[in-house]
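Structure data follow from input.txt (compact mmCIF, C-alpha atoms (C1' of nucleotides)):
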```txt
# COMPACT_ATOMS: atom_id res chain seq x y z
CA MET A 1049 -4.52 31.94 -44.68
CA HIS A 1050 -1.78 29.39 -44.25
CA ALA A 1051 -2.62 25.95 -42.89
CA PHE A 1052 -0.37 26.45 -39.87
CA ASP A 1053 -2.11 29.70 -38.98
CA VAL A 1054 -5.37 27.80 -38.92
CA LEU A 1055 -3.92 25.26 -36.51
CA GLY A 1056 -2.36 28.01 -34.42
CA ASP A 1057 -5.60 28.48 -32.50
CA PRO A 1058 -6.40 26.03 -29.68
CA VAL A 1059 -10.15 26.29 -30.23
CA ARG A 1060 -9.78 25.27 -33.86
CA ARG A 1061 -7.50 22.39 -32.94
CA ARG A 1062 -10.08 21.19 -30.43
CA ILE A 1063 -12.85 21.37 -33.02
CA LEU A 1064 -10.77 19.25 -35.39
CA GLU A 1065 -10.18 16.69 -32.65
CA LEU A 1066 -13.93 16.44 -32.22
CA LEU A 1067 -14.55 16.13 -35.95
CA CYS A 1068 -11.93 13.40 -36.12
CA ASP A 1069 -14.30 11.10 -34.27
CA HIS A 1070 -17.55 11.98 -36.00
CA GLU A 1071 -19.52 14.72 -37.69
CA LEU A 1072 -21.15 17.30 -35.47
CA SER A 1073 -23.70 20.07 -35.84
CA SER A 1074 -22.64 23.64 -35.28
CA GLY A 1075 -24.76 23.71 -32.15
CA ALA A 1076 -23.11 20.63 -30.69
CA ILE A 1077 -19.69 22.13 -31.31
CA VAL A 1078 -20.72 25.40 -29.72
CA GLU A 1079 -21.93 23.52 -26.66
CA ILE A 1080 -18.71 21.54 -26.22
CA VAL A 1081 -15.92 23.95 -27.07
CA GLY A 1082 -17.91 26.99 -26.06
CA GLY A 1083 -18.15 25.39 -22.65
CA GLU A 1084 -14.56 24.26 -22.50
CA PHE A 1085 -13.08 27.58 -23.55
CA GLY A 1086 -15.75 29.88 -22.20
CA ILE A 1087 -16.52 31.59 -25.48
CA THR A 1088 -19.76 32.55 -27.16
CA GLN A 1089 -21.62 31.13 -30.14
CA PRO A 1090 -20.41 33.76 -32.62
CA ALA A 1091 -16.83 33.15 -31.61
CA VAL A 1092 -17.16 29.45 -32.33
CA SER A 1093 -19.02 30.19 -35.54
CA GLN A 1094 -16.13 32.29 -36.81
CA HIS A 1095 -13.69 29.52 -36.07
CA LEU A 1096 -15.90 27.17 -38.04
CA ARG A 1097 -15.77 29.64 -40.87
CA THR A 1098 -11.98 29.72 -40.99
CA LEU A 1099 -11.93 25.94 -40.89
CA ARG A 1100 -14.36 25.87 -43.81
CA GLU A 1101 -12.61 28.51 -45.87
CA ASN A 1102 -9.21 26.90 -45.50
CA GLY A 1103 -10.01 23.34 -46.35
CA PHE A 1104 -10.22 21.86 -42.86
CA ALA A 1105 -13.96 21.25 -42.66
CA THR A 1106 -16.97 20.78 -44.88
CA VAL A 1107 -20.60 21.62 -44.18
CA THR A 1108 -23.86 20.09 -45.24
CA GLU A 1109 -27.12 21.87 -44.55
CA GLU A 1110 -29.82 19.86 -42.83
CA GLY A 1111 -32.81 22.09 -42.44
CA THR A 1112 -31.72 24.84 -40.13
CA ARG A 1113 -28.77 22.79 -38.90
CA ARG A 1114 -25.26 22.83 -40.31
CA ILE A 1115 -23.43 19.55 -40.03
CA TYR A 1116 -19.67 19.88 -39.95
CA ALA A 1117 -17.29 17.14 -41.03
CA LEU A 1118 -13.55 16.93 -41.26
CA ASN A 1119 -11.91 17.85 -44.55
CA ALA A 1120 -8.59 16.11 -44.87
CA SER A 1121 -6.94 18.45 -47.35
CA GLY A 1122 -5.94 21.08 -44.86
CA LEU A 1123 -4.28 18.64 -42.51
CA GLU A 1124 -2.80 16.76 -45.42
CA GLU A 1125 -1.02 19.92 -46.47
CA VAL A 1126 0.51 20.18 -43.01
CA ASP A 1127 1.50 16.54 -43.12
CA HIS A 1128 3.14 17.11 -46.47
CA TRP A 1129 5.17 20.05 -45.21
CA LEU A 1130 6.31 17.89 -42.33
CA ALA A 1131 7.51 15.04 -44.55
CA PRO A 1132 11.11 16.12 -45.19
CA PHE A 1133 11.67 16.54 -41.44
CA ARG A 1134 10.37 13.14 -40.52
CA ARG A 1135 13.77 11.51 -40.89
CA PHE A 1136 14.82 13.26 -37.68
CA TRP A 1137 12.63 11.06 -35.54
CA GLU A 1138 11.56 8.17 -37.78
CA PRO A 1139 14.48 5.81 -38.40
CA LYS A 1140 12.97 4.29 -41.50
CA PHE A 1141 13.22 7.57 -43.38
CA GLU A 1142 16.93 7.90 -42.86
CA ALA A 1143 18.12 6.12 -45.98
CA LEU A 1144 15.72 8.05 -48.17
CA ALA A 1145 16.81 11.27 -46.56
CA THR A 1146 20.44 10.55 -47.28
CA GLU A 1147 19.63 9.98 -50.92
CA ILE A 1148 17.76 13.23 -51.13
CA ALA A 1149 20.67 15.04 -49.51
CA ARG A 1150 22.94 13.65 -52.20
CA GLY A 1151 20.67 15.12 -54.82
CA LYS A 1152 19.78 11.83 -56.49
CA ARG A 1153 16.13 12.78 -56.67
CA LYS A 1154 15.00 15.90 -58.44
CA ARG A 1155 12.71 18.04 -56.42
CA ARG A 1156 10.52 20.97 -57.31
CA GLN A 1157 11.77 24.24 -55.85
CA ARG A 1158 9.64 25.88 -53.18
CA ASP A 1159 6.30 24.12 -53.37
CA MET B 472 3.98 28.68 -26.51
CA HIS B 473 2.28 25.87 -28.36
CA ALA B 474 4.13 24.06 -31.13
CA PHE B 475 1.56 25.15 -33.71
CA ASP B 476 1.97 28.77 -32.72
CA VAL B 477 5.67 28.43 -33.39
CA LEU B 478 4.95 27.07 -36.87
CA GLY B 479 2.36 29.75 -37.49
CA ASP B 480 5.04 32.21 -38.58
CA PRO B 481 6.40 31.94 -42.15
CA VAL B 482 9.85 33.16 -41.18
CA ARG B 483 10.19 30.43 -38.57
CA ARG B 484 8.97 27.80 -41.02
CA ARG B 485 11.57 28.96 -43.51
CA ILE B 486 14.33 28.76 -40.93
CA LEU B 487 13.33 25.20 -40.12
CA GLU B 488 13.40 24.31 -43.82
CA LEU B 489 16.97 25.60 -43.95
CA LEU B 490 17.99 23.72 -40.82
CA CYS B 491 16.49 20.56 -42.28
CA ASP B 492 19.35 20.46 -44.79
CA HIS B 493 22.23 21.40 -42.52
CA GLU B 494 23.29 23.42 -39.53
CA LEU B 495 23.72 27.15 -39.99
CA SER B 496 25.20 30.02 -38.06
CA SER B 497 22.92 32.79 -36.88
CA GLY B 498 24.61 35.12 -39.34
CA ALA B 499 23.98 32.83 -42.28
CA ILE B 500 20.32 32.55 -41.34
CA VAL B 501 20.04 36.31 -40.99
CA GLU B 502 21.51 36.74 -44.45
CA ILE B 503 19.16 34.29 -46.11
CA VAL B 504 15.80 34.84 -44.47
CA GLY B 505 16.52 38.45 -43.64
CA GLY B 506 16.99 38.96 -47.36
CA GLU B 507 13.99 36.90 -48.40
CA PHE B 508 11.58 38.53 -45.98
CA GLY B 509 13.17 41.95 -45.77
CA ILE B 510 13.59 41.96 -42.00
CA THR B 511 16.48 42.99 -39.74
CA GLN B 512 18.95 40.99 -37.69
CA PRO B 513 17.14 41.45 -34.36
CA ALA B 514 13.92 40.26 -35.93
CA VAL B 515 15.56 37.05 -37.10
CA SER B 516 17.31 36.66 -33.77
CA GLN B 517 14.00 36.77 -31.96
CA HIS B 518 12.61 34.06 -34.18
CA LEU B 519 15.66 31.95 -33.41
CA ARG B 520 14.93 32.49 -29.76
CA THR B 521 11.37 31.19 -30.00
CA LEU B 522 12.62 28.21 -31.96
CA ARG B 523 15.17 27.53 -29.23
CA GLU B 524 12.82 28.02 -26.32
CA ASN B 525 10.15 25.77 -27.77
CA GLY B 526 12.22 22.76 -28.73
CA PHE B 527 12.59 23.39 -32.44
CA ALA B 528 16.29 24.27 -32.54
CA THR B 529 19.47 23.82 -30.55
CA VAL B 530 22.52 26.07 -30.38
CA THR B 531 26.18 25.43 -29.89
CA GLU B 532 28.56 28.29 -29.27
CA GLU B 533 31.62 28.48 -31.48
CA GLY B 534 33.61 31.45 -30.40
CA THR B 535 31.42 34.40 -31.16
CA ARG B 536 29.26 32.38 -33.56
CA ARG B 537 26.10 30.52 -32.65
CA ILE B 538 25.50 27.43 -34.72
CA TYR B 539 21.86 26.45 -34.99
CA ALA B 540 20.68 22.94 -35.65
CA LEU B 541 17.26 21.39 -35.92
CA ASN B 542 15.72 19.94 -32.78
CA ALA B 543 13.24 17.24 -33.68
CA SER B 544 11.13 17.32 -30.55
CA GLY B 545 9.04 20.32 -31.53
CA LEU B 546 8.12 18.94 -34.91
CA GLU B 547 7.66 15.51 -33.45
CA GLU B 548 5.02 16.91 -31.16
CA VAL B 549 3.18 18.29 -34.16
CA ASP B 550 3.53 14.99 -35.97
CA HIS B 551 2.12 13.22 -32.95
CA TRP B 552 -0.91 15.50 -32.80
CA LEU B 553 -1.51 14.78 -36.45
CA ALA B 554 -1.41 11.00 -36.06
CA PRO B 555 -5.09 10.29 -35.32
CA PHE B 556 -6.12 12.27 -38.40
CA ARG B 557 -3.80 10.46 -40.74
CA ARG B 558 -6.39 7.81 -41.57
CA PHE B 559 -8.30 10.40 -43.54
CA TRP B 560 -5.68 10.47 -46.30
CA GLU B 561 -3.49 7.42 -45.67
CA PRO B 562 -5.34 4.21 -46.52
CA LYS B 563 -3.08 1.98 -44.45
CA PHE B 564 -4.27 3.61 -41.24
CA GLU B 565 -7.91 2.84 -41.81
CA ALA B 566 -8.08 -0.50 -40.04
CA LEU B 567 -6.31 0.85 -37.00
CA ALA B 568 -8.56 3.85 -36.98
CA THR B 569 -11.64 1.67 -36.97
CA GLU B 570 -10.32 -0.22 -34.01
CA ILE B 571 -9.68 2.94 -32.11
CA ALA B 572 -13.17 4.16 -32.89
CA ARG B 573 -14.53 0.96 -31.39
CA GLY B 574 -12.65 1.70 -28.21
CA LYS B 575 -10.51 -1.40 -28.23
CA ARG B 576 -7.47 0.57 -27.30
CA LYS B 577 -7.32 2.59 -24.14
CA ARG B 578 -6.18 6.12 -24.64
CA ARG B 579 -5.00 8.76 -22.23
CA GLN B 580 -7.48 11.62 -21.91
CA ARG B 581 -6.34 15.00 -23.31
CA ASP B 582 -2.62 14.60 -23.72
C1' DG C 1477 -48.26 34.18 -41.30
C1' DA C 1478 -46.09 35.17 -36.74
C1' DC C 1479 -42.77 33.04 -33.65
C1' DT C 1480 -38.92 30.42 -32.35
C1' DA C 1481 -34.66 27.90 -33.00
C1' DA C 1482 -30.20 27.41 -35.30
C1' DT C 1483 -26.71 29.61 -37.32
C1' DA C 1484 -24.16 33.22 -39.59
C1' DT C 1485 -22.48 38.02 -40.19
C1' DA C 1486 -21.21 42.98 -38.81
C1' DA C 1487 -18.99 46.32 -36.14
C1' DA C 1488 -16.20 47.59 -32.41
C1' DC C 1489 -12.71 46.56 -28.90
C1' DT C 1490 -8.57 44.48 -27.08
C1' DA C 1491 -4.55 41.99 -26.61
C1' DT C 1492 -0.90 39.72 -28.57
C1' DC C 1493 2.98 39.39 -31.48
C1' DA C 1494 6.28 40.61 -34.89
C1' DC C 1495 8.86 44.44 -36.30
C1' DT C 1496 12.12 48.51 -35.68
C1' DT C 1497 15.76 51.28 -33.45
C1' DA C 1498 18.93 51.32 -29.90
C1' DT C 1499 21.96 49.05 -26.85
C1' DA C 1500 24.34 45.26 -24.38
C1' DT C 1501 27.43 41.22 -24.37
C1' DC C 1502 31.41 39.01 -25.33
C1' DA C 1503 35.02 36.62 -28.02
C1' DA C 1504 38.86 37.51 -31.24
C1' DG C 1505 42.34 40.22 -33.30
C1' DT C 1506 45.80 44.06 -33.42
C1' DA D 1412 43.46 47.40 -23.57
C1' DC D 1413 40.85 48.90 -27.46
C1' DT D 1414 38.34 47.90 -31.43
C1' DT D 1415 35.66 45.06 -34.34
C1' DG D 1416 32.54 41.46 -35.48
C1' DA D 1417 28.73 38.37 -34.25
C1' DT D 1418 24.84 37.92 -31.77
C1' DA D 1419 21.39 38.78 -28.26
C1' DT D 1420 18.22 41.70 -25.51
C1' DA D 1421 15.20 45.91 -24.35
C1' DA D 1422 11.78 49.16 -25.20
C1' DG D 1423 8.40 51.02 -28.05
C1' DT D 1424 5.03 50.75 -31.98
C1' DG D 1425 1.61 49.03 -35.28
C1' DA D 1426 -1.08 45.50 -37.29
C1' DT D 1427 -3.65 41.52 -36.94
C1' DA D 1428 -6.71 38.15 -35.03
C1' DG D 1429 -9.95 36.61 -31.55
C1' DT D 1430 -13.56 38.16 -28.71
C1' DT D 1431 -18.02 40.44 -27.56
C1' DT D 1432 -22.61 42.51 -28.33
C1' DA D 1433 -25.95 43.22 -31.64
C1' DT D 1434 -28.33 41.89 -35.71
C1' DA D 1435 -29.48 39.30 -39.98
C1' DT D 1436 -31.01 35.05 -42.24
C1' DT D 1437 -33.68 31.19 -42.90
C1' DA D 1438 -36.20 26.76 -41.75
C1' DG D 1439 -39.54 24.65 -38.94
C1' DT D 1440 -43.74 25.03 -35.91
C1' DC D 1441 -48.23 26.51 -33.97
```

As a first step, turn the structure in this file into structure tokens.
Amino acid sequence: MHAFDVLGDPVRRRILELLCDHELSSGAIVEIVGGEFGITQPAVSQHLRTLRENGFATVTEEGTRRIYALNASGLEEVDHWLAPFRRFWEPKFEALATEIARGKRKRRQRD
Amino acid sequence: MHAFDVLGDPVRRRILELLCDHELSSGAIVEIVGGEFGITQPAVSQHLRTLRENGFATVTEEGTRRIYALNASGLEEVDHWLAPFRRFWEPKFEALATEIARGKRKRRQRD
DNA sequence: GACTAATATAAACTATCACTTATATCAAGT
DNA sequence: ACTTGATATAAGTGATAGTTTATATTAGTC
């Protein structure tokens, strides 16, 4: 599953926003986003699974609890895809962008 | 439609990659991505529409041609959402992140 | 060791979304 | 004016992804 598909779901984005602040147990996440979006525990649990399986979250078992934490790699991938576009709104990237356009830097094809 | 939903589709991402380099006519885009993904002209045209309607592309009419160019605002929105997470992989954001965590900066709720 | 609490998985249903074929629009050329 | 070329829109269809109910798993408790 592509990183952008993972972020396509509002529930998953909300979970990541929560994990950005601090780790949370599965139950705590269910309580918050389950309440906000009006969905059940299994629904949230499946979202946690996709976050896990695609490099957006990590889990550590604590007894019967599962503690979820943010995994940067998924979001980093998104950030990386975004990089070449950044010159359109960040002035400081303009010079670099011009150079790239001129082909002065070799780039890997389709990464 | 949310910005991340727009980026959820691989065809639309590919179109944006093309527009990152230079403007392109609808026909040119159809030729390239239509060929790469094996989809028809109307299919590509619909993707162009979602890109237009969600602030990812702009069009200018040139006779019977439609010239598409990148619109930064859509991607900028994504970049903005990503900002608070950036500290997880960019060391220079760590200090700022700590400050935010301490609540020294006021933030708008749910933007 | 049975019971409960916390979480995950399975199966079934539904709605959304991307695709196709068919058609409309409309500018340019002859 | 008619035709052609470039593009968009409409309607219909199929697949996928998120949801629900039901159940499995496993750790802690009495």

Proximal residues of chain C relative to chain A (only C-alpha atoms (C1' of nucleotides); 12 Å) as a PDB file with C-alpha atoms (C1' of nucleotides), in the coordinates of the input:
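Wrote it out as part.pdb, contents follow:
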```
ATOM      1  C1'  DT C1480     -38.920  30.420 -32.350  1.00  0.00           C
ATOM      2  C1'  DA C1481     -34.660  27.900 -33.000  1.00  0.00           C
ATOM      3  C1'  DA C1482     -30.200  27.410 -35.300  1.00  0.00           C
ATOM      4  C1'  DT C1483     -26.710  29.610 -37.320  1.00  0.00           C
ATOM      5  C1'  DA C1484     -24.160  33.220 -39.590  1.00  0.00           C
ATOM      6  C1'  DT C1485     -22.480  38.020 -40.190  1.00  0.00           C
ATOM      7  C1'  DA C1486     -21.210  42.980 -38.810  1.00  0.00           C
TER       8       DA C1486
END
```

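Among A:Leu1118, A:Leu1067, A:Val1126, A:Val1059, the residue with the shortest atom-to-atom distance to Val1092 of chain A, counting all atoms listed in the file, is A:Val1059.
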
Set out as a Markdown table a contact list for chain A and chain B with a cut-off of 10 Å, giving each residue of chain A that qualifies its closest atom pair and distance in Å to one decimal, counting all atoms listed in the file, ordered by chain and rising residue number.
```
| residue | atom | partner | partner_atom | distance |
| --- | --- | --- | --- | --- |
| A:His1050 | CA | B:Gly479 | CA | 7.9 |
| A:Ala1051 | CA | B:Gly479 | CA | 8.3 |
| A:Phe1052 | CA | B:Gly479 | CA | 4.9 |
| A:Asp1053 | CA | B:Gly479 | CA | 4.7 |
| A:Val1054 | CA | B:Gly479 | CA | 8.1 |
| A:Leu1055 | CA | B:Phe475 | CA | 6.2 |
| A:Gly1056 | CA | B:Asp476 | CA | 4.7 |
| A:Asp1057 | CA | B:Asp476 | CA | 7.6 |
| A:Pro1058 | CA | B:His473 | CA | 8.8 |
| A:Arg1061 | CA | B:Phe475 | CA | 9.5 |
| A:Leu1064 | CA | B:Phe556 | CA | 8.9 |
| A:Glu1065 | CA | B:Phe556 | CA | 8.3 |
| A:Leu1067 | CA | B:Phe556 | CA | 9.6 |
| A:Cys1068 | CA | B:Phe556 | CA | 6.3 |
| A:Asp1069 | CA | B:Ala572 | CA | 7.2 |
| A:His1070 | CA | B:Ala572 | CA | 9.5 |
| A:Leu1118 | CA | B:Phe559 | CA | 8.7 |
| A:Asn1119 | CA | B:Phe559 | CA | 8.3 |
| A:Ala1120 | CA | B:Phe559 | CA | 5.9 |
| A:Ser1121 | CA | B:Trp560 | CA | 8.1 |
| A:Leu1123 | CA | B:Leu553 | CA | 7.7 |
| A:Glu1124 | CA | B:Trp560 | CA | 7.0 |
| A:Val1126 | CA | B:Leu553 | CA | 8.7 |
| A:Asp1127 | CA | B:Leu553 | CA | 7.5 |
| A:Trp1129 | CA | B:Glu488 | CA | 9.4 |
| A:Leu1130 | CA | B:Asp550 | CA | 7.5 |
| A:Ala1131 | CA | B:Asp550 | CA | 9.5 |
| A:Pro1132 | CA | B:Cys491 | CA | 7.6 |
| A:Phe1133 | CA | B:Cys491 | CA | 6.3 |
| A:Arg1134 | CA | B:Glu547 | CA | 7.9 |
| A:Arg1135 | CA | B:Ala543 | CA | 9.2 |
| A:Phe1136 | CA | B:Ala543 | CA | 5.9 |
| A:Trp1137 | CA | B:Ala543 | CA | 6.5 |
| A:Glu1138 | CA | B:Glu547 | CA | 9.4 |
| A:Ala1145 | CA | B:Asp492 | CA | 9.7 |
| A:Ile1148 | CA | B:Asp492 | CA | 9.7 |
| A:Ala1149 | CA | B:Asp492 | CA | 7.3 |
```

Just need the residues of chain D within 12 Å of chain B, counting only C-alpha atoms (C1' of nucleotides), so spit them out as a VMD selection string.
-> chain D and resid 1415 to 1421

Spatial neighbours of DT1506 of chain C, max dist 12 Å, all atoms listed in the file, sep filter under 5 positions, as JSON, numbers by chain = {"D": [1412, 1413, 1414, 1415]}

Take atom C1' of DG1423 of chain D and atom CA of Thr511 of chain B and report the distance between them in Å, one decimal.
-> 16.3 Å
